[in-house]
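A short worksheet on the structure shown next.
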Amino acid sequence: GNSVTQMEGPVTLSEEAFLTINCTYTATGYPSLFWYVQYPGEGLQLLLKATKADDKGSNKGFEATYRKETTSFHLEKGSVQVSDSAVYFCSGGSNYKLTFGKGTLLTVNP
Amino acid sequence: NAGVTQTPKFQVLKTGQSMTLQCAQDMNHEYMSWYRQDPGMGLRLIHYSVGAGITDQGEVPNGYNVSRSTTEDFPLRLLSAAPSQTSVYFCASSSQGNTLHFGNGTRLTVT
């Protein structure tokens with residue numbers, strides 16, 4: 001079956017630091033890949049997605065590129081803000097069945 | 001639009017009690033699903049539905065029942081609650097493209 005492995009953290013950064021959260025996937029075929037974000041007390045929100053190899057998803061300064069050769073979809077942001085503090089989930093799948101990673105807690109300090 | 005609405009937000013049950021977690025969406029999405037979120041486990045799929053009258057099991061279906069009589073509603077039933085079902089439950093819906101829209105969750109404690 002499909003599986004998603006992401007850096008577990010927690011990750012603590014200072015404001016304006018560079019962020020990378022690693023994510024790799026195992027799947028049959030070529031699944032769509034997603035990053036979701038969960039702010040405290042809320043449900044998950046889609047952050048960005050990529051549907052095929054070499055696609056780059058981007059939103060709110062975050063980026064991730066679908067790398068088929070390394071089966072990876074690492075999340076990056078050049079300069080994090082305190083408001084980016086949240087839990088980030090990598091996920092992948094197709095046919096409406098998504099598999100999620102365990103989540104990475106990011107804390108950004110002023 | 002309300003999006004995906006879950007009720008209740010919090011619930012405490014005793015072992016053996018039954019209850020139904022409600023989920024409704026107003027986006028006319030054909031696909032709906034239930035996940036549970038546990039510390040260190042991420043989200044795991046319990047049941048899903050690809051349209052009214054059609055349901056299927058996900059990764060962790062035991063102890064839960066679902067039905068989909070309308071496009072809008074997808075209730076999750078616990079017939080006999082167990083402490084292992086203490087978790088945060090999320091309902092989600094989507095249309096094409098697999099982008100899930102999540103509710104704000106139901107925090108369930110079983111004592």
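Letters for chains follow the order of the structure tokens (A, B, ...), residue numbers begin at 1 for each chain, and ligand numbers begin at 1 in the order shown.
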Distance query Glu8 (chain A) at most 8 Å, only C-alpha atoms, self and fewer than 3 positions along chain excluded, as a PDB file with C-alpha atoms, in the first residue's frame:
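Printed below is around_18.pdb as written:
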```pdb
ATOM      1  CA  LYS A 102       2.557  11.781  11.054  1.00  0.00           C
ATOM      2  CA  GLY A 103       2.844  15.550  11.014  1.00  0.00           C
ATOM      3  CA  THR A 104       5.618  18.003  11.905  1.00  0.00           C
ATOM      4  CA  LEU A 105       5.106  20.621  14.597  1.00  0.00           C
TER       5      LEU A 105
END
```
Subject >> Check: which chain B residues lie within 7 Å of chain A using only C-alpha atoms, as a ChimeraX atom specification >> reply: /B:40-43,98,101-105
Notebook entry, point to check: Near region 20-23 of chain B, counting only C-alpha atoms, which residues have an atom at most 10 Å away, once you skip same-chain residues fewer than 5 positions from it, shown as a PyMOL selection string?
Noted result: chain B and resi 4-9+11+32-34+64-66+72-79+89-93+103+105-106+108
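We find CA of Val11 (chain A) and CA of Ala53 (chain A) to be spaced 27.6 Å apart.
Between CA of Arg68 (chain B) and CA of Ile46 (chain B) lies a distance of 14.3 Å.
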Query - Per-residue DSSP, chain A, filtered to strand (DSSP E or B), as a PyMOL selection string - result: chain A and resi 3-6+11-14+19-21+23-26+32-38+44-50+56-59+62-65+67+72+75-77+86-94+97-100+104-109
task: Show which residues sit within 7 Å of Arg67 (chain A), as JSON, numbers by chain. Count only C-alpha atoms, and ignore same-chain residues fewer than 5 positions away.
output: {"A": [53, 54, 72, 73]}
- Task: Name the residues in contact with Ser94 (chain B) at a cut-off of 6 Å, using only C-alpha atoms, excluding same-chain residues fewer than 2 positions from it; report them as a list in words.
- Result: His29, Tyr31, Thr99 and Leu100 of chain B
Restricting the output to C-alpha atoms, write the selected residues as an mmCIF file, in the first residue's frame.
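What ended up in result23.cif:
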```cif
data_model
loop_
_atom_site.group_PDB
_atom_site.id
_atom_site.type_symbol
_atom_site.label_atom_id
_atom_site.label_comp_id
_atom_site.auth_asym_id
_atom_site.auth_seq_id
_atom_site.Cartn_x
_atom_site.Cartn_y
_atom_site.Cartn_z
ATOM 1 C CA HIS B 29 -19.003 17.256 -2.974
ATOM 2 C CA TYR B 31 -16.615 12.338 -1.807
ATOM 3 C CA THR B 99 -8.240 18.415 -2.474
ATOM 4 C CA LEU B 100 -9.860 17.657 0.864
#
```
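Taking CA of Pro39 (chain B) and CA of Gln85 (chain B) as the two end points, the separation is 12.8 Å.
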Judged by only C-alpha atoms, the minimum distance to Asn62 (chain B) among B:Ser84, B:Thr111, B:Gln25, B:Gln17 is found for B:Ser84
